[in-house]
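What follows is coords24.txt (compact mmCIF, C-alpha atoms).
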```
# COMPACT_ATOMS: atom_id res chain seq x y z
CA ILE A 1 205.08 99.11 77.15
CA GLY A 2 202.17 97.29 75.55
CA MET A 3 202.60 93.91 73.94
CA THR A 4 201.51 93.74 70.35
CA PHE A 5 200.95 90.81 68.05
CA SER A 6 203.66 91.20 65.43
CA GLY A 7 201.79 91.93 62.24
CA TRP A 8 198.25 90.81 61.59
CA ARG A 9 198.59 88.69 58.49
CA TRP A 10 200.42 85.67 59.86
CA LEU A 11 201.06 84.76 56.25
CA ASN A 12 200.82 80.98 55.94
CA LEU A 13 201.81 79.24 52.75
CA GLN A 14 200.67 75.84 51.57
CA GLU A 15 203.39 73.18 51.50
CA TYR A 16 203.73 73.25 47.70
CA GLN A 17 204.19 77.05 47.76
CA SER A 18 207.05 76.83 50.28
CA LYS A 19 208.64 74.04 48.24
CA LYS A 20 208.39 76.15 45.08
CA LEU A 21 210.16 79.09 46.77
CA MET A 22 212.89 76.69 47.90
CA GLN A 23 213.22 75.21 44.41
CA GLU A 24 213.64 78.72 42.98
CA SER A 25 216.60 79.28 45.34
CA GLY A 26 218.31 76.06 44.25
CA VAL A 27 217.37 74.14 47.40
CA THR A 28 216.88 70.40 46.76
CA VAL A 29 213.29 69.26 47.34
CA GLN A 30 211.35 66.24 46.09
CA ARG A 31 210.18 66.49 42.49
CA PHE A 32 206.49 67.42 42.57
CA TYR A 33 203.45 68.68 40.69
CA VAL A 34 200.20 70.20 41.97
CA ALA A 35 196.72 69.45 40.69
CA ASP A 36 193.23 70.76 41.39
CA ASN A 37 191.35 67.93 39.61
CA PRO A 38 191.72 64.10 39.56
CA PRO A 39 192.70 63.73 35.84
CA ASP A 40 195.56 66.23 36.31
CA ALA A 41 196.68 64.38 39.45
CA LEU A 42 196.76 61.12 37.48
CA GLN A 43 198.76 62.73 34.65
CA ALA A 44 201.20 64.20 37.17
CA ALA A 45 201.73 60.78 38.78
CA LYS A 46 202.55 59.25 35.38
CA ARG A 47 204.79 62.16 34.41
CA LEU A 48 206.84 61.86 37.62
CA ASN A 49 207.95 58.39 36.54
CA ALA A 50 209.02 57.63 40.12
CA LYS A 51 209.47 54.33 41.98
CA GLU A 52 207.03 55.52 44.62
CA ILE A 53 204.60 58.44 44.72
CA VAL A 54 203.26 60.43 47.65
CA LEU A 55 199.91 62.21 47.31
CA LYS A 56 199.31 64.99 49.84
CA ALA A 57 196.19 67.06 50.51
CA GLN A 58 197.15 70.74 50.68
CA ILE A 59 195.63 72.47 53.69
CA LEU A 60 197.34 74.72 56.24
CA ALA A 61 196.56 72.55 59.28
CA GLY A 62 199.01 69.99 60.61
CA GLY A 63 198.32 66.31 61.31
CA ARG A 64 197.18 65.65 57.73
CA GLY A 65 198.42 62.05 57.68
CA LYS A 66 196.03 61.04 60.46
CA GLY A 67 193.13 63.13 59.17
CA VAL A 68 189.81 61.86 57.78
CA PHE A 69 187.84 63.08 54.73
CA ASN A 70 184.06 63.39 54.65
CA SER A 71 184.25 61.22 51.51
CA GLY A 72 185.20 58.34 53.82
CA LEU A 73 188.87 58.31 52.78
CA LYS A 74 191.24 58.00 55.73
CA GLY A 75 194.49 59.97 55.72
CA GLY A 76 195.45 63.17 53.89
CA VAL A 77 198.79 61.65 52.84
CA HIS A 78 198.99 58.48 50.72
CA LEU A 79 201.96 56.48 49.42
CA THR A 80 201.70 54.26 46.36
CA LYS A 81 203.94 52.49 43.87
CA ASP A 82 201.13 52.38 41.31
CA PRO A 83 200.57 55.77 39.59
CA SER A 84 197.21 54.62 38.14
CA VAL A 85 195.49 54.77 41.57
CA VAL A 86 196.41 58.44 42.13
CA GLY A 87 193.41 59.76 40.15
CA GLU A 88 191.01 57.63 42.18
CA LEU A 89 192.59 58.72 45.49
CA ALA A 90 192.58 62.39 44.42
CA SER A 91 188.86 62.14 43.57
CA LYS A 92 188.20 61.31 47.25
CA MET A 93 190.30 64.29 48.41
CA LEU A 94 189.53 67.19 46.07
CA GLY A 95 186.32 69.03 46.92
CA TYR A 96 185.98 67.15 50.21
CA SER A 97 186.70 68.34 53.74
CA LEU A 98 189.65 66.97 55.68
CA THR A 99 189.40 66.98 59.48
CA THR A 100 192.60 66.76 61.53
CA LYS A 101 193.51 67.55 65.14
CA GLN A 102 194.26 71.12 64.06
CA THR A 103 191.20 71.92 61.91
CA PRO A 104 187.74 73.08 63.00
CA LYS A 105 185.28 70.19 63.66
CA GLU A 106 183.81 70.46 60.18
CA GLY A 107 187.26 70.21 58.60
CA VAL A 108 188.77 72.21 55.73
CA GLU A 109 187.90 71.75 52.06
CA VAL A 110 190.80 70.47 49.98
CA LYS A 111 191.18 72.40 46.72
CA MET A 112 194.67 71.29 45.74
CA VAL A 113 196.78 68.16 46.02
CA MET A 114 200.53 67.73 45.71
CA VAL A 115 201.79 64.73 43.74
CA ALA A 116 205.45 64.15 44.61
CA GLU A 117 208.22 61.64 44.24
CA ALA A 118 208.50 59.65 47.47
CA LEU A 119 212.10 59.34 48.63
CA ASP A 120 213.53 57.08 51.30
CA ILE A 121 215.24 58.83 54.18
CA THR A 122 218.19 57.07 55.79
CA ARG A 123 218.77 59.88 58.31
CA GLU A 124 216.80 62.89 59.53
CA THR A 125 218.33 66.12 60.84
CA TYR A 126 216.86 69.46 61.94
CA PHE A 127 217.95 72.81 60.54
CA ALA A 128 216.58 76.33 60.91
CA ILE A 129 217.57 79.93 60.30
CA LEU A 130 215.80 82.53 62.40
CA MET A 131 216.02 86.11 63.55
CA ASP A 132 217.28 86.08 67.11
CA ARG A 133 217.05 89.13 69.34
CA ALA A 134 219.90 87.95 71.59
CA CYS A 135 222.22 87.76 68.55
CA ASN A 136 220.92 91.00 66.98
CA GLY A 137 220.36 89.18 63.71
CA PRO A 138 220.07 85.81 62.04
CA VAL A 139 221.26 82.61 63.68
CA MET A 140 221.45 79.04 62.35
CA VAL A 141 220.24 76.26 64.62
CA GLY A 142 220.76 72.60 63.83
CA SER A 143 220.54 69.16 65.37
CA PRO A 144 221.44 65.67 64.16
CA GLN A 145 218.18 64.60 65.85
CA GLY A 146 215.63 65.63 63.21
CA GLY A 147 212.14 64.59 62.23
CA MET A 148 210.89 65.02 65.79
CA ASP A 149 209.90 67.73 68.22
CA ILE A 150 212.95 70.01 68.49
CA GLU A 151 211.79 71.37 71.89
CA GLU A 152 212.05 67.81 73.25
CA VAL A 153 215.63 67.49 71.94
CA ALA A 154 216.55 70.84 73.51
CA ASP A 155 215.07 69.71 76.81
CA LYS A 156 216.51 66.19 76.97
CA SER A 157 219.76 66.48 74.98
CA PRO A 158 220.83 70.15 74.84
CA GLU A 159 224.32 69.09 73.70
CA LEU A 160 222.72 68.00 70.39
CA ILE A 161 221.62 71.56 69.53
CA PHE A 162 224.20 73.55 67.57
CA LYS A 163 224.11 77.29 66.89
CA GLU A 164 226.02 79.55 64.52
CA VAL A 165 225.52 83.32 64.67
CA ILE A 166 225.45 84.84 61.18
CA ASP A 167 227.02 88.23 60.51
CA ILE A 168 224.27 90.07 58.60
CA PHE A 169 226.83 91.97 56.50
CA GLU A 170 229.02 88.97 55.71
CA GLY A 171 226.39 86.24 55.34
CA VAL A 172 227.01 82.55 56.02
CA ARG A 173 230.74 81.84 55.74
CA ASP A 174 231.85 78.63 54.06
CA ASP A 175 233.56 77.36 57.24
CA GLN A 176 230.34 77.98 59.23
CA ALA A 177 228.23 76.05 56.72
CA LEU A 178 230.71 73.14 56.69
CA ARG A 179 230.89 73.11 60.50
CA MET A 180 227.08 73.03 60.75
CA ALA A 181 226.93 70.22 58.14
CA ALA A 182 229.46 68.21 60.18
CA ASN A 183 227.53 68.88 63.42
CA LEU A 184 224.40 67.61 61.68
CA GLY A 185 226.29 64.37 61.07
CA PHE A 186 226.79 64.59 57.28
CA LYS A 187 229.93 62.62 56.32
CA GLY A 188 232.32 62.58 53.36
CA PRO A 189 231.00 64.20 50.16
CA LEU A 190 227.60 64.71 51.85
CA GLU A 191 229.17 67.31 54.14
CA ARG A 192 229.93 69.64 51.21
CA GLN A 193 226.50 68.99 49.69
CA ALA A 194 224.74 69.83 53.00
CA ALA A 195 226.87 72.98 53.41
CA ASP A 196 225.75 74.15 49.94
CA GLN A 197 222.10 73.52 50.86
CA ILE A 198 222.58 75.52 54.07
CA MET A 199 223.99 78.48 52.11
CA ARG A 200 221.12 78.32 49.62
CA LEU A 201 218.59 78.25 52.45
CA TYR A 202 220.21 81.40 53.83
CA ASP A 203 219.91 83.05 50.39
CA LEU A 204 216.20 82.17 50.43
CA PHE A 205 215.85 83.52 54.00
CA LEU A 206 217.19 86.91 52.87
CA LYS A 207 215.46 86.96 49.51
CA VAL A 208 211.91 86.55 50.87
CA ASP A 209 212.40 88.62 54.07
CA ALA A 210 211.77 85.59 56.26
CA THR A 211 211.84 85.71 60.03
CA GLN A 212 212.32 81.94 60.10
CA VAL A 213 213.03 79.08 57.70
CA GLU A 214 212.67 75.75 59.49
CA VAL A 215 213.54 72.49 57.75
CA ASN A 216 212.46 69.36 59.60
CA PRO A 217 213.69 67.01 58.37
CA LEU A 218 216.73 67.96 56.35
CA GLY A 219 217.32 64.37 55.28
CA GLU A 220 219.79 62.08 53.63
CA THR A 221 218.63 59.54 51.03
CA PRO A 222 220.13 56.06 50.34
CA GLU A 223 221.33 57.46 46.99
CA GLY A 224 223.49 60.00 48.84
CA GLN A 225 221.41 63.11 48.31
CA VAL A 226 220.70 65.85 50.86
CA VAL A 227 217.02 66.84 50.57
CA CYS A 228 214.76 69.36 52.36
CA PHE A 229 211.72 67.20 53.03
CA ASP A 230 209.57 69.68 54.87
CA ALA A 231 209.89 73.40 55.53
CA LYS A 232 207.99 76.07 57.37
CA ILE A 233 208.73 79.65 56.35
CA SER A 234 207.60 82.61 58.45
CA PHE A 235 207.57 86.04 56.85
CA ASP A 236 208.02 89.57 58.11
CA ASP A 237 204.70 91.36 57.54
CA ASN A 238 206.52 94.70 57.51
CA ALA A 239 208.26 93.61 54.29
CA GLU A 240 204.97 93.10 52.47
CA PHE A 241 205.61 96.21 50.35
CA ARG A 242 208.62 94.57 48.70
CA GLN A 243 207.38 90.98 48.80
CA LYS A 244 204.24 91.50 46.74
CA ALA A 245 204.59 88.17 44.90
CA VAL A 246 204.95 86.17 48.12
CA PHE A 247 202.06 87.88 49.93
CA ALA A 248 199.86 87.43 46.86
CA LEU A 249 200.11 83.67 47.52
CA ASP A 250 198.28 84.11 50.83
CA ASP A 251 195.22 81.87 50.80
CA MET A 252 192.64 83.66 52.93
CA SER A 253 189.97 81.02 52.27
CA GLU A 254 191.08 79.00 55.30
CA SER A 255 191.08 82.01 57.62
CA ASP A 256 188.22 82.88 59.92
CA PRO A 257 186.05 85.35 57.90
CA THR A 258 185.74 87.73 60.89
CA GLU A 259 189.54 87.74 61.33
CA THR A 260 189.95 88.48 57.62
CA GLU A 261 187.40 91.34 57.75
CA ALA A 262 189.05 92.75 60.90
CA ALA A 263 192.46 92.63 59.21
CA LYS A 264 191.15 94.89 56.42
CA TRP A 265 190.71 97.65 59.02
CA ASP A 266 194.01 96.91 60.74
CA LEU A 267 192.22 95.33 63.68
CA LYS A 268 193.21 92.01 65.24
CA TYR A 269 190.33 89.70 66.08
CA ILE A 270 190.52 86.49 68.10
CA GLY A 271 187.26 84.54 68.49
CA LEU A 272 186.54 82.83 71.85
CA ASP A 273 183.48 80.93 73.03
CA GLY A 274 181.85 83.18 75.67
CA ASN A 275 179.32 86.03 75.38
CA ILE A 276 181.14 89.26 76.42
CA ALA A 277 182.94 91.03 73.57
CA CYS A 278 186.20 92.73 74.58
CA PHE A 279 187.26 95.81 72.65
CA VAL A 280 190.77 96.86 73.71
CA ASN A 281 194.04 98.41 72.59
CA GLY A 282 197.06 96.12 72.91
CA ALA A 283 197.42 92.37 73.26
CA GLY A 284 198.53 92.44 76.90
CA LEU A 285 195.46 94.47 77.88
CA ALA A 286 193.28 92.09 75.86
CA MET A 287 194.53 89.09 77.83
CA ALA A 288 194.19 90.91 81.16
CA THR A 289 190.61 91.93 80.23
CA CYS A 290 189.69 88.33 79.35
CA ASP A 291 191.18 87.10 82.65
CA ILE A 292 189.31 89.64 84.77
CA ILE A 293 185.99 88.91 83.05
CA ASP A 294 186.64 85.25 83.82
CA LEU A 295 187.48 86.10 87.43
CA HIS A 296 184.05 87.73 87.85
CA GLY A 297 182.25 84.71 86.46
CA GLY A 298 181.86 85.87 82.86
CA LYS A 299 183.19 84.40 79.62
CA PRO A 300 184.83 86.46 76.84
CA ALA A 301 183.25 86.02 73.37
CA ASN A 302 186.30 87.40 71.59
CA PHE A 303 188.83 90.13 71.77
CA LEU A 304 189.31 92.82 69.23
CA ASP A 305 192.59 94.70 69.43
CA LEU A 306 192.68 98.25 68.09
CA GLY A 307 196.44 98.65 68.21
CA GLY A 308 197.96 102.14 68.11
CA GLY A 309 197.04 104.60 65.35
CA VAL A 310 193.29 104.66 65.80
CA LYS A 311 190.83 106.26 63.39
CA GLU A 312 187.15 106.85 64.12
CA LYS A 313 186.23 104.66 61.14
CA GLN A 314 188.09 101.71 62.71
CA VAL A 315 186.06 102.03 65.91
CA TYR A 316 182.87 102.00 63.84
CA GLU A 317 183.96 98.90 61.85
CA ALA A 318 185.00 97.18 65.08
CA PHE A 319 181.52 97.67 66.54
CA LYS A 320 180.00 96.38 63.32
CA LEU A 321 182.02 93.16 63.64
CA LEU A 322 181.21 92.73 67.33
CA THR A 323 177.47 93.30 66.97
CA ALA A 324 177.28 90.91 64.02
CA ASP A 325 178.38 88.05 66.29
CA PRO A 326 175.20 86.35 67.62
CA LYS A 327 177.09 85.08 70.72
CA VAL A 328 177.75 88.62 71.96
CA GLU A 329 175.36 89.65 74.77
CA ALA A 330 177.42 92.59 76.11
CA ILE A 331 180.36 94.69 74.93
CA LEU A 332 183.16 95.81 77.20
CA VAL A 333 185.38 98.60 75.89
CA ASN A 334 188.66 98.86 77.78
CA ILE A 335 191.01 101.49 76.39
CA PHE A 336 194.17 102.59 78.12
CA GLY A 337 195.18 105.51 75.92
CA GLY A 338 198.80 106.50 75.89
CA ILE A 339 199.26 106.77 72.16
CA VAL A 340 195.51 106.49 71.63
CA ASN A 341 193.37 109.62 71.92
CA CYS A 342 190.35 108.65 74.05
CA ALA A 343 188.15 111.34 72.44
CA ILE A 344 188.49 109.65 69.02
CA ILE A 345 187.35 106.39 70.61
CA ALA A 346 184.40 108.13 72.31
CA ASN A 347 183.29 109.73 69.04
CA GLY A 348 183.59 106.41 67.23
CA ILE A 349 181.59 104.63 69.94
CA THR A 350 178.71 107.15 69.95
CA LYS A 351 178.53 107.18 66.13
CA ALA A 352 178.49 103.37 66.01
CA CYS A 353 175.84 103.10 68.75
CA ARG A 354 173.52 105.47 66.89
CA GLU A 355 173.98 104.10 63.39
CA LEU A 356 174.04 100.41 64.29
CA GLU A 357 171.21 100.80 66.83
CA LEU A 358 173.14 98.85 69.44
CA LYS A 359 170.90 96.26 71.13
CA VAL A 360 173.31 94.88 73.76
CA PRO A 361 174.58 96.52 76.98
CA LEU A 362 177.78 98.52 76.54
CA VAL A 363 180.29 99.11 79.34
CA VAL A 364 183.11 101.58 78.69
CA ARG A 365 186.32 102.17 80.64
CA LEU A 366 188.61 104.84 79.22
CA GLU A 367 191.87 106.00 80.72
CA GLY A 368 194.70 108.20 79.45
CA THR A 369 195.12 110.89 76.82
CA ASN A 370 192.21 113.35 76.55
CA VAL A 371 190.07 111.20 78.84
CA GLN A 372 188.00 114.05 80.35
CA GLU A 373 186.85 115.16 76.89
CA ALA A 374 186.05 111.52 76.04
CA LYS A 375 183.95 111.07 79.17
CA ARG A 376 182.08 114.29 78.40
CA ILE A 377 181.28 113.05 74.85
CA LEU A 378 179.91 109.78 76.25
CA SER A 379 177.87 111.31 79.07
CA GLU A 380 176.32 113.97 76.82
CA SER A 381 175.46 111.50 74.08
CA GLY A 382 172.21 110.48 75.79
CA LEU A 383 173.06 106.85 74.93
CA PRO A 384 172.64 104.00 77.44
CA ILE A 385 176.39 103.60 77.97
CA VAL A 386 177.57 102.32 81.36
CA ALA A 387 180.74 104.12 82.48
CA ALA A 388 183.30 102.23 84.55
CA ASN A 389 186.08 103.57 86.79
CA ASP A 390 188.66 100.87 86.23
CA LEU A 391 189.09 97.45 84.64
CA ASP A 392 187.76 95.56 87.68
CA ASP A 393 184.68 97.76 87.85
CA ALA A 394 184.15 97.39 84.08
CA ALA A 395 184.34 93.58 84.21
CA LYS A 396 181.87 93.44 87.14
CA LYS A 397 179.42 95.72 85.31
CA ALA A 398 179.66 93.74 82.03
CA VAL A 399 178.99 90.42 83.83
CA ALA A 400 176.14 92.02 85.81
CA ALA A 401 174.56 93.40 82.59
CA ILE A 402 174.22 89.85 81.26
CA THR A 403 173.06 88.35 84.55
CA ARG A 404 170.26 90.95 84.76
CA LYS A 405 169.03 89.95 81.32
```
Rewrite the structure from the file as structure tokens, please.
Amino acid sequence: IGMTFSGWRWLNLQEYQSKKLMQESGVTVQRFYVADNPPDALQAAKRLNAKEIVLKAQILAGGRGKGVFNSGLKGGVHLTKDPSVVGELASKMLGYSLTTKQTPKEGVEVKMVMVAEALDITRETYFAILMDRACNGPVMVGSPQGGMDIEEVADKSPELIFKEVIDIFEGVRDDQALRMAANLGFKGPLERQAADQIMRLYDLFLKVDATQVEVNPLGETPEGQVVCFDAKISFDDNAEFRQKAVFALDDMSESDPTETEAAKWDLKYIGLDGNIACFVNGAGLAMATCDIIDLHGGKPANFLDLGGGVKEKQVYEAFKLLTADPKVEAILVNIFGGIVNCAIIANGITKACRELELKVPLVVRLEGTNVQEAKRILSESGLPIVAANDLDDAAKKAVAAITRK
């Protein structure tokens, strides 16, 4: 059974978009506005009329607080009690690139800032709802130790991780929500308030077809309010047809352009830093191919995963993407066709080679359905295609093709 990457969109929302979805489901978040220019940011800060304001650059990468802008401004998150400085700060964020530990070296251009009311947190807890295979459905996970790495808590203090399995037909029962609130350490009237937030988060989870809603921290303020301070929502790509509004929020501008182009053809592309392109079907095979190239002294430039239902046009588009990458000095095709018809791949390869006038060595290993026909198509094509017997042979030949050059 081949591994597959679940979905190809990996829909990522900006922080303000997640907070808006939560707001719409009655979940308590900080009051906020978004702005794409400094005067609007200044107006928003005044309109908030808050004791303290937090200004946050909106990019998908983490580590924003410690990031640096190419305008010289340090930090993608700023706290201030004076709303009049927000415009000035925003002018050093908007239109500039922010570099954090998780961005490319050149950083990511900030096109939007969030201007929010800063709230004090007296206590931080962790809460998530996710689809869990072992439970055959959704499960709630919570810990009174929030605001930190939940894996660390699970490792060092497993007794501080609480789970509640949700019956998909019944939903979150009141007693479950109250028990989770108590386990999270909410006391007195806060327990009821937290239980209500938990039930609203579950409503959101169902409403947007999420696979996970993670709130870290779910916090308590000195004024006695339960607030979702930060949330990460993961979506089920297969529900895109009924979540048009949510998927329309997808900001592709931060994605790798080759990945975005590949996605249009239902191909999954992962860029690496070597010089041998790997064209495969299935994620497991992709990783094995990269490892074996490495073993023979080569370095993979990328891998492009065809997945299952292959069309000739996809093979052509895949070659177009691979040959457009200046790093690529050889292409290794490794197809193990159970559900994939090898002859379709062979036709796609020969068409692409002719039309794109392939300039780099091409090594092909095909195995599986209709493979004899596929090999005949390749050998009779008159094209300089190197046939390989198995994956090991293919990797050796691809590395050798580059060494000879």
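You can rank A:Asp203, A:Glu159, A:Asp36, A:Asp167 by their closest distance to Asn183 of chain A using all atoms listed in the file, and at the top of that list sits A:Glu159.
Comparing A:Ala318, A:Ala277, A:Leu60, A:Ala118 by their smallest distance to Phe303 of chain A, the closest is A:Ala277 (using all atoms listed in the file).
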Report task. Work out how far atom CA of Leu184 of chain A is from atom CA of Phe162 of chain A, in Å to one decimal. Result ->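 A separation of 8.4 Å between them.
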Report task. Find the residues around Lys207 of chain A up to 10 Å (all atoms listed in the file counted), leave out those fewer than 5 positions away in its own chain, and share them as an NGL selection string. Result -> :A and (21 or 25 or 201-202 or 243)
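Among the candidates A:Ile349, A:Met148, A:Val27, A:Leu89, the one nearest to Gln193 of chain A when counting all atoms listed in the file is A:Val27.
Closest approach to Val54 of chain A among A:His78, A:Arg31, A:Lys66, A:Lys105: A:His78, based on all atoms listed in the file.
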Query raised in the report: How far is it from atom CA of Asp237 of chain A to atom CA of Asp266 of chain A, in Å with one decimal?
Result: 12.5 Å
**Report entry** Surrounding residues of segment 364-374 of chain A excluding itself and chain neighbours under 5 positions, 12 Å, all atoms listed in the file, as a ChimeraX atom specification
**Finding:** /A:277-281,289,330-350,379-381,383-398
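Taking atom CA of Ile270 of chain A and atom CA of Ala57 of chain A as the two end points, the separation is 26.8 Å.
Proximity ranking of A:Pro326, A:Ile150, A:Val227, A:Gly62 relative to Ile121 of chain A places A:Val227 first, based on all atoms listed in the file.
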Query raised in the report: In terms of the shortest atom-to-atom distance over only C-alpha atoms, which of A:Ile59, A:Leu267, A:Ala401, A:Ala50 is closest to Ala283 of chain A?
Result: A:Leu267
Could you work out an axis-aligned bounding box for all listed atoms of segment 173-182 of chain A, with 5 Å added on each of the six sides, and give its centre and edge lengths in Å to one decimal, as AutoDock Vina command-line options?
```
--center_x 230.2 --center_y 75.0 --center_z 57.4 --size_x 16.6 --size_y 23.6 --size_z 16.7
```
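With all atoms listed in the file taken into account, the protein and nucleic acid residues at most 12 Å from Gly87 of chain A (excluding it and anything under 3 positions from it in its own chain) are Ala35, Asp36, Asn37, Pro38, Pro39, Asp40, Ala41, Leu42, Gln43, Ala44, Ala45, Lys46, Leu55, Thr80, Asp82, Pro83, Ser84, Ala90, Ser91, Lys92, Met93, Leu94, Val113 and Val115 of chain A.
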